[in-house]
Amino acid sequence: DTGDTGDTGDTGDTGDTGDTGDTGDTGDTGARGWAPPPSDRSDRSDSSGGRVDTGAAPQYVGRMAQQFHTCKPGSEDLLSRELALYDIRAATPGDGVVFTAARDWSPPPDLCFPIMTVLDGREVTGSSVNALAGGLCDAFWECLQGARLESPWFLHMSSVLPEAVAGRMRTVHAEFLRRLRGKMSRLAKLASSDLPADEREVRGFAVYFTSCEQAVVGSRIHYWGQRRMRDRPEAPSRSFLKLEEAFAVLGRSPQSGETVIDLGAAPGGWSFSAAERGASVLAVDNGPLRGAALDHPRIRHVQDDAFRYRPADDRRCDWLLCDLIEDPNRVIEQILLPWLEAGWCRRFVVNLKVGKMDPIEMLRRLRGIDAMGLNRRCERFKIRELFHDREEITCMGQTA
């Protein structure tokens, strides 16, 4: 068992309003087929009587209610195919974004590939910073008209396109906030770019730049939980970040007094993550632990094979962790399913390497009603392509 692996390459949508990801094309890629009418150019008043200056340059705000879904660059087709499993047809995707136009649609119970789903998407275009910032002010007012924002609200601007678009995005973001501070100071003070603690629906304002002159925006946001995690230099491996992120998505992590079994633990990144939270960890691997996992007071290393190991006296643990470089079907059929059937764990996080197979077919099987279907076996079950996954998906859940 070789255990922890993973790449933390910068792949895009992260929750930091300045992070823009890796690659893409500066062309207008994101909102083909949208035909927005000219925006209402009249100034708008905030709740305290101020007026929003939308700028003199022409811009347009599309009012057609559509959805957009952000994702990691390179996962656009996978996201489109995943949506098709729920009979949701996607238009031609852009870079790091997929568009749908379903009527009266709310997100399925679980999706793997989106990072954010915005349900009331509309397009903003403008040939200058002022035009885009003015269009965002118009769209912000249109989206939130009638809503009372008396607590911090979520403001998120992102893109995966090159630095030219990233620079424009940062400048537009600053100008948008300047206008809000000038005319809607109370709301501006409540704006927060902090990502929600876990998966949830939030009210706010999400902006995704598809080019230097175009963005899609909306206020009804379903955040699926993925994020870039902060590394710790003492962690034995950077796959530590995958587990940290999985805990954030699940909204639950090991606590002091809980027991954890980590199958395929070496070099110990996942064991270290759980032990640092106060849990008692049994690290199972024929290979050695390294770094801060070695001689950690809350980690006990057992040299054994992950596929053969069984808990003593069928004792139930609080958490099963598993990150193996193995055929994912073997991991599911010989580790996860037997552990769930025997009741040996209350919660689990299992990483699957799907680089050599069709991830959508794997999703179909994991969520299906056949022998592998995990939905009916778990009280909570989530599958995600994490920010820190690379040709991987991560399953996590809680048994009934």
# chains A, B, ... in the order shown; residues from 1 in each chain; ligands from 1
$ residues_around --residues "range 166-178 of chain A" --least-positions-apart "3" --cutoff "8 Å" --atoms "only C-alpha atoms" --output "JSON list (two decimals) with N, CA and C atoms, in the first residue's frame"
[["chain", "number", "residue", "atom", "x", "y", "z"],
["A", 17, "THR", "N", -11.09, 36.23, -3.92],
["A", 17, "THR", "CA", -11.54, 37.03, -5.04],
["A", 17, "THR", "C", -10.42, 37.39, -5.98],
["A", 18, "GLY", "N", -9.18, 37.12, -5.62],
["A", 18, "GLY", "CA", -8.10, 37.46, -6.53],
["A", 18, "GLY", "C", -7.48, 36.28, -7.25],
["A", 19, "ASP", "N", -7.84, 35.05, -6.88],
["A", 19, "ASP", "CA", -7.20, 33.87, -7.46],
["A", 19, "ASP", "C", -7.88, 33.51, -8.75],
["A", 20, "THR", "N", -7.09, 33.28, -9.79],
["A", 20, "THR", "CA", -7.70, 33.10, -11.10],
["A", 20, "THR", "C", -7.35, 31.81, -11.78],
["A", 129, "VAL", "N", -13.54, 49.05, -17.72],
["A", 129, "VAL", "CA", -13.71, 48.77, -16.30],
["A", 129, "VAL", "C", -14.97, 49.45, -15.77],
["A", 130, "ASN", "N", -15.15, 50.72, -16.12],
["A", 130, "ASN", "CA", -16.33, 51.44, -15.65],
["A", 130, "ASN", "C", -17.62, 50.80, -16.14],
["A", 132, "LEU", "N", -18.13, 47.62, -17.01],
["A", 132, "LEU", "CA", -18.36, 46.36, -16.31],
["A", 132, "LEU", "C", -18.80, 46.60, -14.87],
["A", 133, "ALA", "N", -18.12, 47.52, -14.17],
["A", 133, "ALA", "CA", -18.49, 47.80, -12.79],
["A", 133, "ALA", "C", -19.91, 48.35, -12.72],
["A", 134, "GLY", "N", -20.27, 49.22, -13.68],
["A", 134, "GLY", "CA", -21.63, 49.73, -13.71],
["A", 134, "GLY", "C", -22.63, 48.64, -13.98],
["A", 136, "LEU", "N", -22.27, 45.50, -13.22],
["A", 136, "LEU", "CA", -22.37, 44.68, -12.01],
["A", 136, "LEU", "C", -23.27, 45.35, -10.98],
["A", 137, "CYS", "N", -23.18, 46.68, -10.87],
["A", 137, "CYS", "CA", -24.06, 47.39, -9.95],
["A", 137, "CYS", "C", -25.52, 47.20, -10.36],
["A", 157, "MET", "N", -15.89, 36.76, -6.75],
["A", 157, "MET", "CA", -15.53, 36.98, -8.14],
["A", 157, "MET", "C", -14.41, 36.03, -8.51],
["A", 158, "SER", "N", -14.51, 35.39, -9.67],
["A", 158, "SER", "CA", -13.52, 34.38, -10.04],
["A", 158, "SER", "C", -13.44, 34.26, -11.54],
["A", 159, "SER", "N", -12.39, 33.56, -11.98],
["A", 159, "SER", "CA", -12.17, 33.22, -13.38],
["A", 159, "SER", "C", -11.03, 32.23, -13.43],
["A", 161, "LEU", "N", -9.34, 32.17, -16.49],
["A", 161, "LEU", "CA", -8.69, 32.64, -17.71],
["A", 161, "LEU", "C", -7.37, 33.33, -17.39],
["A", 162, "PRO", "N", -6.56, 33.67, -18.39],
["A", 162, "PRO", "CA", -5.20, 34.14, -18.15],
["A", 162, "PRO", "C", -5.12, 35.48, -17.41],
["A", 163, "GLU", "N", -3.87, 35.91, -17.18],
["A", 163, "GLU", "CA", -3.63, 37.05, -16.33],
["A", 163, "GLU", "C", -4.30, 38.31, -16.82],
["A", 181, "ARG", "N", -19.45, 51.31, -1.76],
["A", 181, "ARG", "CA", -19.11, 52.08, -0.56],
["A", 181, "ARG", "C", -19.63, 53.52, -0.67],
["A", 182, "GLY", "N", -19.58, 54.06, -1.88],
["A", 182, "GLY", "CA", -20.01, 55.43, -2.06],
["A", 182, "GLY", "C", -21.51, 55.63, -1.97],
["A", 188, "ALA", "N", -21.97, 47.58, 1.56],
["A", 188, "ALA", "CA", -20.56, 47.35, 1.24],
["A", 188, "ALA", "C", -19.79, 46.83, 2.45],
["A", 209, "PHE", "N", -15.98, 35.71, -14.58],
["A", 209, "PHE", "CA", -15.53, 36.40, -15.78],
["A", 209, "PHE", "C", -15.21, 35.39, -16.88],
["A", 212, "CYS", "N", -12.38, 39.45, -20.87],
["A", 212, "CYS", "CA", -12.11, 40.78, -20.34],
["A", 212, "CYS", "C", -13.33, 41.69, -20.41]]
$ residues_around --residues "Glu199 in chain A" --least-positions-apart "4" --cutoff "9 Å" --atoms "only C-alpha atoms" --output "PyMOL selection string"
chain A and resi 222-226+248-251
$ atom_distance --atom1 "CA of Met396 in chain A" --atom2 "CA of Arg347 in chain A"
7.5 Å
$ select_by_dssp --residues "range 143-349 of chain A" --states "strand (DSSP E)" --output "PyMOL selection string"
chain A and resi 153-158+191-192+200-211+214-223+259-263+280-284+299-302+317-323+345-349
$ residues_around --residues "range 314-330 of chain A" --least-positions-apart "5" --cutoff "8 Å" --atoms "only C-alpha atoms" --output "ChimeraX atom specification"
/A:1-5,254,258-265,270,335,343-354
$ write_last_selection --atoms "C-alpha atoms" --output "PDB file, in the first residue's frame"
ATOM      1  CA  ASP A   1       0.000   0.000   0.000  1.00  0.00           C
ATOM      2  CA  THR A   2       1.488   3.311  -1.031  1.00  0.00           C
ATOM      3  CA  GLY A   3      -1.251   5.464   0.419  1.00  0.00           C
ATOM      4  CA  ASP A   4      -1.248   9.227   0.154  1.00  0.00           C
ATOM      5  CA  THR A   5      -0.827  10.864  -3.213  1.00  0.00           C
ATOM      6  CA  PRO A 254     -12.637  13.681  13.660  1.00  0.00           C
ATOM      7  CA  GLU A 258     -12.892   9.492  18.391  1.00  0.00           C
ATOM      8  CA  THR A 259     -11.173   6.536  16.744  1.00  0.00           C
ATOM      9  CA  VAL A 260      -9.825   6.521  13.176  1.00  0.00           C
ATOM     10  CA  ILE A 261      -8.520   3.676  11.005  1.00  0.00           C
ATOM     11  CA  ASP A 262      -6.426   4.846   8.050  1.00  0.00           C
ATOM     12  CA  LEU A 263      -5.974   2.108   5.441  1.00  0.00           C
ATOM     13  CA  GLY A 264      -2.941   2.626   3.200  1.00  0.00           C
ATOM     14  CA  ALA A 265      -1.675   5.273   5.576  1.00  0.00           C
ATOM     15  CA  TRP A 270      -4.190  11.549   6.383  1.00  0.00           C
ATOM     16  CA  ILE A 335     -12.717  -2.207   1.376  1.00  0.00           C
ATOM     17  CA  GLY A 343     -20.808  -1.839  10.352  1.00  0.00           C
ATOM     18  CA  TRP A 344     -17.121  -1.292  11.110  1.00  0.00           C
ATOM     19  CA  CYS A 345     -17.218   2.495  10.656  1.00  0.00           C
ATOM     20  CA  ARG A 346     -19.606   5.360  11.361  1.00  0.00           C
ATOM     21  CA  ARG A 347     -18.120   7.800   8.826  1.00  0.00           C
ATOM     22  CA  PHE A 348     -15.695   7.458   5.934  1.00  0.00           C
ATOM     23  CA  VAL A 349     -13.558   9.369   3.464  1.00  0.00           C
ATOM     24  CA  VAL A 350     -12.281   7.280   0.541  1.00  0.00           C
ATOM     25  CA  ASN A 351     -10.294   8.642  -2.404  1.00  0.00           C
ATOM     26  CA  LEU A 352     -10.649   6.906  -5.788  1.00  0.00           C
ATOM     27  CA  LYS A 353      -8.138   7.129  -8.655  1.00  0.00           C
ATOM     28  CA  VAL A 354     -10.279   7.371 -11.793  1.00  0.00           C
TER      29      VAL A 354
END
$ residues_around --residues "Ala84 in chain A" --least-positions-apart "6" --cutoff "12 Å" --atoms "only C-alpha atoms" --output "list in words"
Asp77, Leu78, Ala90, Ala91, Thr100, Ala102, Pro108, Leu111, Ile360 and Arg364 of chain A
$ closest_atom_pairs --of "range 212-277 of chain A" --to "range 294-300 of chain A" --cutoff "8 Å" --atoms "only C-alpha atoms" --output "CSV"
residue,atom,partner,partner_atom,distance
A:Gly268,CA,A:Leu294,CA,7.8
A:Ser271,CA,A:Ile299,CA,7.0
A:Phe272,CA,A:Ile299,CA,7.7
A:Ala275,CA,A:Arg298,CA,5.7
$ write_last_selection --atoms "C-alpha atoms" --output "CSV table (one decimal), in the first residue's frame"
chain,number,residue,atom,x,y,z
A,268,GLY,CA,1.0,9.5,7.0
A,271,SER,CA,-3.3,10.0,9.8
A,272,PHE,CA,-1.6,13.3,10.7
A,275,ALA,CA,-4.5,13.0,14.9
